[in-house]
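A short worksheet on the structure shown next.
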Amino acid sequence: MSSTTWIFDPEIQPENLTLVTKAKSYAFGRRLYRCDINQQRHWLKFHQFNTQPDLEQAFLRELDFYRQPGNGHSILLPHRLVPIRPFKHLLEATGAEIGLLTVDAPSDFFPPLNHNLDIGLIRQQLLKALDSLDALHQAGWIHGDLKAEHFRLYDGNCTLIDFEQCLRIGQSIQRLEATPRYMAPELFHGAGKSIQSDLYAFGIIVYEWLSRNRLQARTYHDWALLHCQHLQIGLPEQLQVFLPLLQGLLQKHIQQRFLSVAAVKNGLNSTFSL
């Protein structure tokens with residue numbers, strides 16, 4: 001499938017359309033469908049306009065990201081921007097004009113670790129994820145909402161999804177939208193998103209993966225206290241080799257955190273060269 005197109009392709013014949021939007025998102029106008037095209041699973045996402053302004057703007061921001069040339073297509077799933085009108089008889093579509101159609105890919109890029117740990121394979125998996133994040137940053141973008149499920153394995157490569165909160169590096173935003181579980185401490189104090197806030201979120205993903213410990217907090221205030229004051233990280237004895245990586249990613253003060261993906265990879269490689 002090509003990267004993007006604005007021309008309706010008669011060969012696109014979605015089958016087995018299933019609405020899978022979460023209830024809250026549905027009430028705000030979001031529509032997410034699972035479907036099959038040419039015997040391959042796809043996702044079709046669009047938004048009912050003139051509904052919830054913030055969610056609508058987030059979707060428009062993602063569409064804008066996919067329209068931009070040179071935005072790291074090597075790390076994107078095969079996708080198309082498609083007109084909704086030819087499918088309206090099949091969809092709950094009111095006021096929506098453009099949808100994002102993407103190939104499905106497994107969401108277990110960071111699978112549960114078993115007791116037969118292969119340190120080398122873990123390192124390779126981390127480097128794949130870092131290569132994809134680096135490609136995004138080198139193209140001039142901050143993801144802005146990294147989660148474990150946003151890393152997908154497709155055709156042997158690590159790809160990224162969900163760019164509703166993405167922004168250009170150095171771009172200021174008036175309203176902060178992020179998932180508190182992965183928010184860097186400075187974001188709770190009103191600072192803008194940056195490469196280093198992406199790296200902090202990546203650090204939380206890696207920490208939860210390696211430690212098999214999912215962070216817990218009940219409220220936004222509790223998450224703020226956890227990230228800004230109380231976060232303590234540790235790893236099982238057999239994974240201690242990755243502790244310097246986590247310490248560099250999860251520094252509370254941005255000035256002490258890794259500056260770039262290249263610095264993260266250098267730190268990881270130097271640890272293994274000792």
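Identifiers in the structure tokens: chain A, B, ... in order shown; residue index from 1 per chain; ligand index from 1 in order shown.
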Please identify every residue of segment 116-149 of chain A that has at least one atom no farther than 9 Å from an atom of segment 252-270 of chain A, counting only C-alpha atoms, and for each give the shortest atom pair and the distance in Å to one decimal, arranged by chain then increasing number, as JSON lines.
{"residue": "A:Arg123", "atom": "CA", "partner": "A:Leu268", "partner_atom": "CA", "distance": 8.0}
{"residue": "A:Leu126", "atom": "CA", "partner": "A:Lys265", "partner_atom": "CA", "distance": 9.0}
{"residue": "A:Leu127", "atom": "CA", "partner": "A:Lys265", "partner_atom": "CA", "distance": 7.0}
{"residue": "A:Leu130", "atom": "CA", "partner": "A:Val261", "partner_atom": "CA", "distance": 6.5}
{"residue": "A:Asp131", "atom": "CA", "partner": "A:Val261", "partner_atom": "CA", "distance": 8.0}
{"residue": "A:Leu133", "atom": "CA", "partner": "A:Val261", "partner_atom": "CA", "distance": 7.4}
{"residue": "A:Asp134", "atom": "CA", "partner": "A:Val261", "partner_atom": "CA", "distance": 5.6}
{"residue": "A:His137", "atom": "CA", "partner": "A:Val261", "partner_atom": "CA", "distance": 8.4}
Write the residues of the selection above to a file with all heavy atoms, as a JSON list (two decimals), in the first residue's frame.
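What follows is the written file out00.json:
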[["chain", "number", "residue", "atom", "x", "y", "z"],
["A", 123, "ARG", "N", 18.63, -6.01, 24.29],
["A", 123, "ARG", "CA", 19.39, -4.86, 23.78],
["A", 123, "ARG", "C", 19.02, -4.57, 22.34],
["A", 123, "ARG", "O", 18.81, -3.41, 21.96],
["A", 123, "ARG", "CB", 20.89, -5.14, 23.90],
["A", 123, "ARG", "CG", 21.78, -4.09, 23.26],
["A", 123, "ARG", "CD", 23.24, -4.41, 23.49],
["A", 123, "ARG", "NE", 24.11, -3.52, 22.74],
["A", 123, "ARG", "CZ", 24.56, -3.75, 21.52],
["A", 123, "ARG", "NH1", 24.21, -4.89, 20.90],
["A", 123, "ARG", "NH2", 25.35, -2.90, 20.90],
["A", 126, "LEU", "N", 15.65, -2.89, 22.13],
["A", 126, "LEU", "CA", 15.73, -1.49, 22.54],
["A", 126, "LEU", "C", 16.35, -0.64, 21.44],
["A", 126, "LEU", "O", 15.88, 0.48, 21.17],
["A", 126, "LEU", "CB", 16.56, -1.37, 23.82],
["A", 126, "LEU", "CG", 15.94, -1.96, 25.09],
["A", 126, "LEU", "CD1", 16.92, -1.90, 26.24],
["A", 126, "LEU", "CD2", 14.65, -1.22, 25.45],
["A", 127, "LEU", "N", 17.38, -1.14, 20.77],
["A", 127, "LEU", "CA", 18.01, -0.38, 19.70],
["A", 127, "LEU", "C", 17.06, -0.18, 18.52],
["A", 127, "LEU", "O", 17.06, 0.88, 17.89],
["A", 127, "LEU", "CB", 19.29, -1.09, 19.24],
["A", 127, "LEU", "CG", 20.46, -1.02, 20.22],
["A", 127, "LEU", "CD1", 21.61, -1.90, 19.75],
["A", 127, "LEU", "CD2", 20.94, 0.43, 20.40],
["A", 130, "LEU", "N", 14.76, 2.57, 19.57],
["A", 130, "LEU", "CA", 15.47, 3.85, 19.59],
["A", 130, "LEU", "C", 15.75, 4.34, 18.17],
["A", 130, "LEU", "O", 15.69, 5.55, 17.90],
["A", 130, "LEU", "CB", 16.78, 3.70, 20.35],
["A", 130, "LEU", "CG", 16.63, 3.59, 21.88],
["A", 130, "LEU", "CD1", 17.93, 3.13, 22.52],
["A", 130, "LEU", "CD2", 16.18, 4.93, 22.47],
["A", 131, "ASP", "N", 16.03, 3.43, 17.24],
["A", 131, "ASP", "CA", 16.25, 3.84, 15.85],
["A", 131, "ASP", "C", 14.99, 4.52, 15.29],
["A", 131, "ASP", "O", 15.09, 5.53, 14.57],
["A", 131, "ASP", "CB", 16.61, 2.63, 14.99],
["A", 131, "ASP", "CG", 18.05, 2.18, 15.18],
["A", 131, "ASP", "OD1", 18.86, 2.96, 15.71],
["A", 131, "ASP", "OD2", 18.36, 1.03, 14.79],
["A", 133, "LEU", "N", 12.55, 6.01, 17.03],
["A", 133, "LEU", "CA", 12.35, 7.30, 17.70],
["A", 133, "LEU", "C", 13.34, 8.33, 17.17],
["A", 133, "LEU", "O", 12.99, 9.50, 16.97],
["A", 133, "LEU", "CB", 12.49, 7.12, 19.21],
["A", 133, "LEU", "CG", 12.18, 8.35, 20.06],
["A", 133, "LEU", "CD1", 10.77, 8.85, 19.80],
["A", 133, "LEU", "CD2", 12.35, 8.02, 21.55],
["A", 134, "ASP", "N", 14.57, 7.91, 16.92],
["A", 134, "ASP", "CA", 15.57, 8.81, 16.38],
["A", 134, "ASP", "C", 15.17, 9.31, 15.00],
["A", 134, "ASP", "O", 15.34, 10.49, 14.68],
["A", 134, "ASP", "CB", 16.93, 8.10, 16.32],
["A", 134, "ASP", "CG", 18.07, 9.06, 16.05],
["A", 134, "ASP", "OD1", 18.04, 10.21, 16.54],
["A", 134, "ASP", "OD2", 19.00, 8.69, 15.31],
["A", 137, "HIS", "N", 12.66, 12.03, 15.41],
["A", 137, "HIS", "CA", 13.29, 13.27, 15.88],
["A", 137, "HIS", "C", 14.14, 13.91, 14.77],
["A", 137, "HIS", "O", 14.12, 15.14, 14.60],
["A", 137, "HIS", "CB", 14.15, 12.99, 17.10],
["A", 137, "HIS", "CG", 13.36, 12.65, 18.32],
["A", 137, "HIS", "ND1", 13.93, 12.13, 19.46],
["A", 137, "HIS", "CD2", 12.03, 12.76, 18.59],
["A", 137, "HIS", "CE1", 13.00, 11.93, 20.38],
["A", 137, "HIS", "NE2", 11.84, 12.30, 19.87]]
Shell of 12 Å around Lys193 of chain A, only C-alpha atoms, local chain residues under 2 positions omitted, as a ChimeraX atom specification:
/A:141-146,165-178,182-191,195-201,254
Residue list (alpha helix (DSSP H), DSSP) for segment 91-234 of chain A, as number ranges by chain = A: 119-138, 185-188, 195-211, 220-225
**Message:** Excluding segment 21-26 of chain A and its own-chain neighbours fewer than 2 positions away, which residues fall within 12 Å of it when counting only C-alpha atoms? Please give them as a ChimeraX atom specification.
**Reply:** /A:18-19,28-34,43-48,51-52,54-56,59,92-93
Quick one: residues within 12 Å of segment 35-37 of chain A, only C-alpha atoms counted, chain neighbours fewer than 2 positions away excluded, as a PDB file with N, CA, C and O atoms, in the first residue's frame?
ATOM      1  N   MET A   1       0.853  -1.198   0.000  1.00  0.00           N
ATOM      2  CA  MET A   1       0.000   0.000   0.000  1.00  0.00           C
ATOM      3  C   MET A   1       0.883   1.241   0.000  1.00  0.00           C
ATOM      4  O   MET A   1       1.874   1.304   0.709  1.00  0.00           O
ATOM      5  N   ASP A   9      -9.691   4.934  -4.384  1.00  0.00           N
ATOM      6  CA  ASP A   9      -9.255   3.735  -5.080  1.00  0.00           C
ATOM      7  C   ASP A   9     -10.386   2.710  -5.030  1.00  0.00           C
ATOM      8  O   ASP A   9     -10.733   2.219  -3.965  1.00  0.00           O
ATOM      9  N   PRO A  10     -10.974   2.374  -6.185  1.00  0.00           N
ATOM     10  CA  PRO A  10     -12.093   1.416  -6.175  1.00  0.00           C
ATOM     11  C   PRO A  10     -11.687   0.042  -5.672  1.00  0.00           C
ATOM     12  O   PRO A  10     -12.546  -0.770  -5.343  1.00  0.00           O
ATOM     13  N   GLU A  11     -10.380  -0.231  -5.624  1.00  0.00           N
ATOM     14  CA  GLU A  11      -9.932  -1.521  -5.123  1.00  0.00           C
ATOM     15  C   GLU A  11     -10.032  -1.609  -3.604  1.00  0.00           C
ATOM     16  O   GLU A  11      -9.923  -2.692  -3.040  1.00  0.00           O
ATOM     17  N   ILE A  12     -10.193  -0.447  -2.953  1.00  0.00           N
ATOM     18  CA  ILE A  12     -10.356  -0.453  -1.503  1.00  0.00           C
ATOM     19  C   ILE A  12     -11.787  -0.850  -1.186  1.00  0.00           C
ATOM     20  O   ILE A  12     -12.715  -0.052  -1.322  1.00  0.00           O
ATOM     21  N   GLN A  13     -11.977  -2.074  -0.816  1.00  0.00           N
ATOM     22  CA  GLN A  13     -13.300  -2.588  -0.486  1.00  0.00           C
ATOM     23  C   GLN A  13     -13.244  -3.176   0.923  1.00  0.00           C
ATOM     24  O   GLN A  13     -12.885  -4.332   1.116  1.00  0.00           O
ATOM     25  N   PRO A  14     -13.559  -2.355   1.929  1.00  0.00           N
ATOM     26  CA  PRO A  14     -13.479  -2.850   3.310  1.00  0.00           C
ATOM     27  C   PRO A  14     -14.533  -3.918   3.587  1.00  0.00           C
ATOM     28  O   PRO A  14     -15.691  -3.786   3.192  1.00  0.00           O
ATOM     29  N   GLU A  15     -14.096  -4.974   4.247  1.00  0.00           N
ATOM     30  CA  GLU A  15     -14.989  -6.056   4.643  1.00  0.00           C
ATOM     31  C   GLU A  15     -14.904  -6.251   6.146  1.00  0.00           C
ATOM     32  O   GLU A  15     -13.934  -5.876   6.790  1.00  0.00           O
ATOM     33  N   ASN A  16     -15.950  -6.846   6.689  1.00  0.00           N
ATOM     34  CA  ASN A  16     -15.988  -7.154   8.128  1.00  0.00           C
ATOM     35  C   ASN A  16     -15.762  -5.902   8.979  1.00  0.00           C
ATOM     36  O   ASN A  16     -15.023  -5.940   9.968  1.00  0.00           O
ATOM     37  N   LEU A  17     -16.382  -4.808   8.570  1.00  0.00           N
ATOM     38  CA  LEU A  17     -16.247  -3.563   9.334  1.00  0.00           C
ATOM     39  C   LEU A  17     -16.794  -3.740  10.746  1.00  0.00           C
ATOM     40  O   LEU A  17     -17.933  -4.166  10.935  1.00  0.00           O
ATOM     41  N   THR A  18     -15.976  -3.373  11.733  1.00  0.00           N
ATOM     42  CA  THR A  18     -16.397  -3.484  13.126  1.00  0.00           C
ATOM     43  C   THR A  18     -16.026  -2.203  13.863  1.00  0.00           C
ATOM     44  O   THR A  18     -14.859  -1.798  13.857  1.00  0.00           O
ATOM     45  N   LEU A  19     -17.011  -1.564  14.456  1.00  0.00           N
ATOM     46  CA  LEU A  19     -16.759  -0.355  15.226  1.00  0.00           C
ATOM     47  C   LEU A  19     -16.133  -0.724  16.562  1.00  0.00           C
ATOM     48  O   LEU A  19     -16.697  -1.512  17.328  1.00  0.00           O
ATOM     49  N   VAL A  20     -14.949  -0.167  16.851  1.00  0.00           N
ATOM     50  CA  VAL A  20     -14.232  -0.535  18.083  1.00  0.00           C
ATOM     51  C   VAL A  20     -13.874   0.703  18.917  1.00  0.00           C
ATOM     52  O   VAL A  20     -13.031   0.624  19.798  1.00  0.00           O
ATOM     53  N   LEU A  32     -13.480   4.696  15.232  1.00  0.00           N
ATOM     54  CA  LEU A  32     -12.395   3.786  14.901  1.00  0.00           C
ATOM     55  C   LEU A  32     -13.000   2.450  14.493  1.00  0.00           C
ATOM     56  O   LEU A  32     -13.754   1.849  15.259  1.00  0.00           O
ATOM     57  N   TYR A  33     -12.671   2.024  13.283  1.00  0.00           N
ATOM     58  CA  TYR A  33     -13.193   0.773  12.750  1.00  0.00           C
ATOM     59  C   TYR A  33     -12.040  -0.198  12.475  1.00  0.00           C
ATOM     60  O   TYR A  33     -10.961   0.212  12.038  1.00  0.00           O
ATOM     61  N   GLN A  39      -7.853  -9.174   2.303  1.00  0.00           N
ATOM     62  CA  GLN A  39      -7.517 -10.213   3.279  1.00  0.00           C
ATOM     63  C   GLN A  39      -6.423  -9.788   4.250  1.00  0.00           C
ATOM     64  O   GLN A  39      -5.735 -10.633   4.830  1.00  0.00           O
ATOM     65  N   GLN A  40      -6.277  -8.481   4.436  1.00  0.00           N
ATOM     66  CA  GLN A  40      -5.324  -7.971   5.423  1.00  0.00           C
ATOM     67  C   GLN A  40      -6.050  -7.039   6.381  1.00  0.00           C
ATOM     68  O   GLN A  40      -6.848  -6.202   5.967  1.00  0.00           O
ATOM     69  N   ARG A  41      -5.771  -7.177   7.671  1.00  0.00           N
ATOM     70  CA  ARG A  41      -6.441  -6.370   8.690  1.00  0.00           C
ATOM     71  C   ARG A  41      -5.969  -4.920   8.628  1.00  0.00           C
ATOM     72  O   ARG A  41      -4.782  -4.642   8.501  1.00  0.00           O
ATOM     73  N   HIS A  42      -6.928  -4.005   8.729  1.00  0.00           N
ATOM     74  CA  HIS A  42      -6.648  -2.574   8.710  1.00  0.00           C
ATOM     75  C   HIS A  42      -7.425  -1.881   9.830  1.00  0.00           C
ATOM     76  O   HIS A  42      -8.369  -2.434  10.403  1.00  0.00           O
ATOM     77  N   TRP A  43      -7.048  -0.635  10.076  1.00  0.00           N
ATOM     78  CA  TRP A  43      -7.793   0.263  10.960  1.00  0.00           C
ATOM     79  C   TRP A  43      -8.194   1.498  10.159  1.00  0.00           C
ATOM     80  O   TRP A  43      -7.394   2.034   9.390  1.00  0.00           O
ATOM     81  N   LEU A  44      -9.421   1.940  10.348  1.00  0.00           N
ATOM     82  CA  LEU A  44      -9.901   3.171   9.728  1.00  0.00           C
ATOM     83  C   LEU A  44     -10.347   4.114  10.839  1.00  0.00           C
ATOM     84  O   LEU A  44     -11.222   3.774  11.639  1.00  0.00           O
ATOM     85  N   LYS A  45      -9.735   5.275  10.874  1.00  0.00           N
ATOM     86  CA  LYS A  45     -10.043   6.253  11.928  1.00  0.00           C
ATOM     87  C   LYS A  45     -10.464   7.572  11.294  1.00  0.00           C
ATOM     88  O   LYS A  45      -9.864   8.034  10.324  1.00  0.00           O
ATOM     89  N   LEU A  90     -21.588   2.639   4.781  1.00  0.00           N
ATOM     90  CA  LEU A  90     -21.137   1.577   5.677  1.00  0.00           C
ATOM     91  C   LEU A  90     -20.791   2.084   7.074  1.00  0.00           C
ATOM     92  O   LEU A  90     -20.655   1.293   8.002  1.00  0.00           O
ATOM     93  N   LEU A  91     -20.627   3.400   7.211  1.00  0.00           N
ATOM     94  CA  LEU A  91     -20.076   3.964   8.445  1.00  0.00           C
ATOM     95  C   LEU A  91     -21.062   4.915   9.113  1.00  0.00           C
ATOM     96  O   LEU A  91     -21.995   5.420   8.497  1.00  0.00           O
ATOM     97  N   LEU A 101      -6.419   5.473   7.079  1.00  0.00           N
ATOM     98  CA  LEU A 101      -6.474   4.022   6.913  1.00  0.00           C
ATOM     99  C   LEU A 101      -5.060   3.470   7.069  1.00  0.00           C
ATOM    100  O   LEU A 101      -4.153   3.861   6.333  1.00  0.00           O
ATOM    101  N   THR A 102      -4.854   2.581   8.038  1.00  0.00           N
ATOM    102  CA  THR A 102      -3.533   2.017   8.277  1.00  0.00           C
ATOM    103  C   THR A 102      -3.618   0.502   8.363  1.00  0.00           C
ATOM    104  O   THR A 102      -4.619  -0.065   8.791  1.00  0.00           O
ATOM    105  N   VAL A 103      -2.536  -0.133   7.963  1.00  0.00           N
ATOM    106  CA  VAL A 103      -2.414  -1.575   8.125  1.00  0.00           C
ATOM    107  C   VAL A 103      -2.284  -1.896   9.614  1.00  0.00           C
ATOM    108  O   VAL A 103      -1.675  -1.148  10.381  1.00  0.00           O
ATOM    109  N   ASP A 104      -2.865  -2.994  10.019  1.00  0.00           N
ATOM    110  CA  ASP A 104      -2.752  -3.424  11.411  1.00  0.00           C
ATOM    111  C   ASP A 104      -1.388  -4.075  11.633  1.00  0.00           C
ATOM    112  O   ASP A 104      -0.789  -4.635  10.720  1.00  0.00           O
TER     113      ASP A 104
END
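A straight line drawn from atom CA of Ala27 of chain A to atom CA of Lys88 of chain A is 18.8 Å long.
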Find the residues around segment 209-219 of chain A up to 7 Å (only C-alpha atoms counted), leave out those fewer than 4 positions away in its own chain, and share them as a compact mmCIF listing (two decimals) with N, CA, C and O atoms, in the first residue's frame.
# COMPACT_ATOMS: atom_id res chain seq x y z
N PHE A 110 6.98 -4.86 22.89
CA PHE A 110 7.64 -5.12 24.18
C PHE A 110 6.89 -6.25 24.87
O PHE A 110 6.11 -6.01 25.79
N ILE A 205 8.47 3.37 29.66
CA ILE A 205 8.11 2.16 28.91
C ILE A 205 9.11 1.05 29.17
O ILE A 205 8.75 -0.10 29.48
N TRP A 223 0.09 11.26 40.14
CA TRP A 223 1.10 11.03 39.09
C TRP A 223 2.18 12.11 39.16
O TRP A 223 3.38 11.82 38.99
N LEU A 235 15.85 -2.88 39.10
CA LEU A 235 15.68 -3.98 38.17
C LEU A 235 16.11 -5.29 38.80
O LEU A 235 16.92 -5.30 39.74
N PRO A 236 15.57 -6.40 38.31
CA PRO A 236 16.03 -7.70 38.79
C PRO A 236 17.54 -7.84 38.57
O PRO A 236 18.12 -7.19 37.68
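Comparing the minimum interatomic distances between Ile161 of chain A and each of A:Phe272, A:Leu136, A:Gly234, A:Gln68, counting only C-alpha atoms, we find that A:Leu136 sits nearest.
With only C-alpha atoms as the atoms that count, the minimum distance from Arg181 of chain A to the choices A:Asp155, A:Glu62, A:Asp162, A:Asp222 is reached by A:Asp222.
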Name the residues of segment 25-260 of chain A that fall into strand (DSSP E) according to DSSP on the backbone, using the chain letters and numbers of this document, as an MDAnalysis selection string.
-> chainID A and resid 30:37 40:47 79:83 98:103 141:142 151:154 157:160 167:168
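The space separating atom CA of Asn50 of chain A from atom CA of Gly95 of chain A comes to 7.9 Å.
Between Asp108 of chain A and the candidates A:Ser132, A:Thr94, A:Thr271, A:Thr159, the tightest atom-to-atom separation, counting only C-alpha atoms, involves A:Thr159.
Counting only C-alpha atoms and comparing A:Arg61, A:Lys128, A:His221, A:His79, the residue that lies closest to Pro180 of chain A is A:His221.
Here atom CA of Pro78 of chain A and atom CA of Ile204 of chain A stand 27.5 Å from one another.
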